[in-house]
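Novice: I'd like to ask some things about the structure below.
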Amino acid sequence: MKHLLIIGNSAAGISCAENIRKKDKEIKITILSKEDYTAYNRCLISYYLSGDVKEDKLIYRAKDFYKDNAIELLLNKKAIRIDAKKNQVVLEDKTRLDYDVLLVANGASPKFPEIKGIRKKGVLGFRTIADTKEMLDMSLVSPVACILGGGLIGLKAAYGLKKRNLDVKVIVKSPQVLSQILDKESSEMFQRRLIEHGIEILTGSDVQEVIGNGDCKAIKLDSGKVIATSLVVVGKGVTPNTDLIEESGISFDEGIKVDEYMKTNIPTIYAAGDIAQAYDAILEKASVNALWPNAVEQGMIAARNIMGENKKYAGSTGMNSVEFFGLPVISFGMTRPPHPGEDGYEEIVTRDKRNTIYKKIILKNNVIKGAIFVNKIENIGILLKLAKLKVDVSTIKDTLLRSDFNFSVTKDLHYEKEEFYL
Amino acid sequence: MKKLYYDPKKCTACKTCEIVCAIGHSPSKDLYTAIVEDNVSLPSVRVYVGQEGNFPLACRHCKDHPCVNACIASALSYDTEKGLLFNKEKCVGCWMCVMACPYGAVRTDKRDNKSVRCDLCADINDPRCAKNCPTKAIVYVEEKK
């Protein structure tokens, strides 16, 4: 009987196991996790931090799932090395696990900047239930929290801790928050909203040092300013957990390089999720788009190819949906074109009179390359699909940002003809 | 499984489908009570008025269901017989499904921060929009291959 070993017990790993079990009851499946929990909704930890959801809502797949699907789950087992020549994975406790097919889906970890004192107690990433619980414990003793980074993770931590009534200060190196996923105008809308709700944002500043004896007591900024705090959250992006593959012969760049079948350069090894560098369907180049929906899809594609279906992956996308203090935004693809007005790039924008709604679409030669919808988010998925299919939208361009825009406007443009309109 | 199909030429945009959908998903399921309920029920089907006809639209219960893949709260799942299943209690209003839906068929309800979606009237196993459409512009029939 063939043995599939999956390193990683989150979106990609579970999706792979689940999709295999839909069709194949024979193959032996083992999932390895370095964490202590059955699979959980990782993206909900910010809702858990803010108190919007309780711990029981974090469950993604409970114990029964593994039992019902005949999946062996090994918790608290950290894989440290892949011995591809012997088809074995080496664990921290020196145990070796054999496999016939391996899926590397062990995700990513928060990037910690290399500054003095960054590993002191009280300086946390925001990735796991354990991080969140520690943050909640610290929130009881530290009235002030400093967040390093104004990206999505940093601001979600800021939001959650503000809801826990902490004095929250966000230290942002760039001139704006959310600069990776928004443009200037939309990021200003969010910056205003966060400030209105009592979150302090220090743009254009960086942290130089974490001060304290073992425990974090304060941080020092590059301006020389010192802020007293025992809780620091690092929200400087994530980096794929490629440590264990370094001597394996698996090729990697920013993440593990995979082909359109989610296969690595080694025929028995696949990769999916936040560790995988797959093809980006909109940017048309290899990218790590470490996002839950991409991980689920990639796990599914890997599963189908492990079963020999030759299923091609259409590609991942950079896309985000987030809401802070009642202000929602969805954006995808390119949000700041490299050369606006040149090389075929074009931006179309609309806003309401009170500047509470903002929508922008970026096109290149009449193909949608990205969009930002603030405070009126419905229907953006139609644009995402058009972007992925690289559809020429010149005939409907003037309707895209109209309030009455809807699917029927686009129905004749799809090459996959939609048959539900008779 | 059966699916909803729409005929834009027959649709007069009378919006009976929207009304029966909202009433059918209200706690009382009665028009005169439903309109005075605390959180007035929202329809999951909407009719868009267009030049070439009128276009009703609700969740397509797609086989590849990108919304289920995108849901970060395990509120969505898919059943080959029943279509898309929504556990409203688990929904956190992250709107990942809005981002993922290629039809723009997911509606947001800001009052309780939950999405509003078609359940094909699972309670009576017969979608009210099709059942009550006066011009038969909405039909509920076996999936066309």
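Following the order of the structure tokens, chains are lettered A, B, ..., residues in each are numbered from 1, and ligands are numbered from 1.
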Give me the range 2-99 of chain B side of the contact with range 325-339 of chain A, cut-off 12 Å, one line per residue showing its nearest atom pair and distance in Å at one decimal, counting only C-alpha atoms, sorted by chain and residue number, as CSV.
Specialist:
```
residue,atom,partner,partner_atom,distance
B:Gly93,CA,A:Pro328,CA,9.8
B:Cys94,CA,A:Pro328,CA,8.7
B:Trp95,CA,A:Ile330,CA,8.2
B:Met96,CA,A:Ile330,CA,8.4
B:Cys97,CA,A:Ile330,CA,10.7
B:Val98,CA,A:Ile330,CA,8.7
B:Met99,CA,A:Ile330,CA,6.7
```
Novice: Which residues of chain B come within 9 Å of chain A, and for each one, what is the closest pair of atoms and their distance in Å to one decimal, counting only C-alpha atoms, sorted by chain and residue number, as JSON lines?
Specialist:
```
{"residue": "B:Lys3", "atom": "CA", "partner": "A:Phe420", "partner_atom": "CA", "distance": 8.6}
{"residue": "B:Leu4", "atom": "CA", "partner": "A:Phe420", "partner_atom": "CA", "distance": 7.3}
{"residue": "B:Tyr5", "atom": "CA", "partner": "A:Phe420", "partner_atom": "CA", "distance": 4.8}
{"residue": "B:Tyr6", "atom": "CA", "partner": "A:Tyr421", "partner_atom": "CA", "distance": 4.9}
{"residue": "B:Asp7", "atom": "CA", "partner": "A:Leu422", "partner_atom": "CA", "distance": 4.8}
{"residue": "B:Pro8", "atom": "CA", "partner": "A:Tyr421", "partner_atom": "CA", "distance": 6.7}
{"residue": "B:Lys9", "atom": "CA", "partner": "A:Leu422", "partner_atom": "CA", "distance": 8.6}
{"residue": "B:Tyr48", "atom": "CA", "partner": "A:Asn406", "partner_atom": "CA", "distance": 7.2}
{"residue": "B:Val49", "atom": "CA", "partner": "A:Asp404", "partner_atom": "CA", "distance": 8.5}
{"residue": "B:Gly50", "atom": "CA", "partner": "A:Ser408", "partner_atom": "CA", "distance": 7.9}
{"residue": "B:Asn54", "atom": "CA", "partner": "A:Ser408", "partner_atom": "CA", "distance": 8.9}
{"residue": "B:Phe55", "atom": "CA", "partner": "A:Ser408", "partner_atom": "CA", "distance": 6.6}
{"residue": "B:Pro56", "atom": "CA", "partner": "A:Tyr421", "partner_atom": "CA", "distance": 9.0}
{"residue": "B:Leu57", "atom": "CA", "partner": "A:Phe407", "partner_atom": "CA", "distance": 8.4}
{"residue": "B:Arg60", "atom": "CA", "partner": "A:Phe420", "partner_atom": "CA", "distance": 8.6}
{"residue": "B:Pro66", "atom": "CA", "partner": "A:Pro293", "partner_atom": "CA", "distance": 8.0}
{"residue": "B:Cys67", "atom": "CA", "partner": "A:Pro293", "partner_atom": "CA", "distance": 8.6}
{"residue": "B:Val68", "atom": "CA", "partner": "A:Pro293", "partner_atom": "CA", "distance": 8.6}
{"residue": "B:Asn69", "atom": "CA", "partner": "A:Pro293", "partner_atom": "CA", "distance": 5.3}
{"residue": "B:Ala70", "atom": "CA", "partner": "A:Pro293", "partner_atom": "CA", "distance": 4.2}
{"residue": "B:Cys71", "atom": "CA", "partner": "A:Pro293", "partner_atom": "CA", "distance": 7.4}
{"residue": "B:Ile72", "atom": "CA", "partner": "A:Cys43", "partner_atom": "CA", "distance": 6.0}
{"residue": "B:Ala73", "atom": "CA", "partner": "A:Asn41", "partner_atom": "CA", "distance": 6.0}
{"residue": "B:Ser74", "atom": "CA", "partner": "A:Tyr60", "partner_atom": "CA", "distance": 6.1}
{"residue": "B:Lys90", "atom": "CA", "partner": "A:Lys57", "partner_atom": "CA", "distance": 7.0}
{"residue": "B:Val92", "atom": "CA", "partner": "A:Val53", "partner_atom": "CA", "distance": 8.1}
{"residue": "B:Gly93", "atom": "CA", "partner": "A:Glu323", "partner_atom": "CA", "distance": 8.8}
{"residue": "B:Cys94", "atom": "CA", "partner": "A:Val322", "partner_atom": "CA", "distance": 6.3}
{"residue": "B:Trp95", "atom": "CA", "partner": "A:Ser321", "partner_atom": "CA", "distance": 6.2}
{"residue": "B:Met96", "atom": "CA", "partner": "A:Ser321", "partner_atom": "CA", "distance": 5.7}
{"residue": "B:Cys97", "atom": "CA", "partner": "A:Gly381", "partner_atom": "CA", "distance": 8.4}
{"residue": "B:Val98", "atom": "CA", "partner": "A:Gly381", "partner_atom": "CA", "distance": 6.2}
{"residue": "B:Met99", "atom": "CA", "partner": "A:Gly381", "partner_atom": "CA", "distance": 4.6}
{"residue": "B:Ala100", "atom": "CA", "partner": "A:Gly381", "partner_atom": "CA", "distance": 5.1}
{"residue": "B:Cys101", "atom": "CA", "partner": "A:Gly381", "partner_atom": "CA", "distance": 4.9}
{"residue": "B:Pro102", "atom": "CA", "partner": "A:Ile382", "partner_atom": "CA", "distance": 4.4}
{"residue": "B:Tyr103", "atom": "CA", "partner": "A:Phe407", "partner_atom": "CA", "distance": 5.5}
{"residue": "B:Gly104", "atom": "CA", "partner": "A:Asn379", "partner_atom": "CA", "distance": 4.1}
{"residue": "B:Ala105", "atom": "CA", "partner": "A:Asn379", "partner_atom": "CA", "distance": 7.5}
{"residue": "B:Val106", "atom": "CA", "partner": "A:Glu378", "partner_atom": "CA", "distance": 7.4}
{"residue": "B:Arg107", "atom": "CA", "partner": "A:Glu378", "partner_atom": "CA", "distance": 6.9}
{"residue": "B:Thr108", "atom": "CA", "partner": "A:Glu378", "partner_atom": "CA", "distance": 7.6}
{"residue": "B:Lys110", "atom": "CA", "partner": "A:Gly326", "partner_atom": "CA", "distance": 8.5}
{"residue": "B:Lys144", "atom": "CA", "partner": "A:Glu419", "partner_atom": "CA", "distance": 8.0}
```
Novice: I'd like the neighbourhood of Arg164 in chain A as a list in words, where a residue qualifies if any of its atoms comes within 12 Å (using only C-alpha atoms), though same-chain residues fewer than 4 positions away should be ignored.
Specialist: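 Answer for this query is Ser46, Tyr47, Tyr48, Leu49, Ser50, Gly51, Asp52, Met135, Leu136, Asp137, Met138, Ser139, Leu140, Val141, Ser142, Pro143, Val144, Ala145, Ala157, Ala158, Tyr159, Gly160 and Val168 of chain A.
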Novice: Which of range 307-357 of chain A counts as strand (DSSP E or B) under DSSP, as JSON, numbers by chain please?
Specialist: {"A": [316, 319, 320, 321, 322, 323, 324, 327, 328, 329, 330, 331, 332, 333, 345, 346, 347, 348, 349, 350, 351]}
Novice: Do a neighbour search on Arg111 in chain B at 12 Å with only C-alpha atoms, toss out local chain neighbours closer than 4 positions, and write the hits as a PyMOL selection string.
Specialist: (chain A and resi 326) or (chain B and resi 38-42+93+115-116)
Novice: Report the distance between CA of Ser316 in chain A and CA of Ala281 in chain A in Å, rounded to one decimal place.
Specialist: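 Atom-to-atom, CA of Ser316 in chain A to CA of Ala281 in chain A, that is 5.7 Å.
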Novice: Work out how far apart CA of Glu196 in chain A and CA of Lys360 in chain A are and give it in Å to one decimal.
Specialist: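 Calculated distance between CA of Glu196 in chain A and CA of Lys360 in chain A is 24.1 Å.
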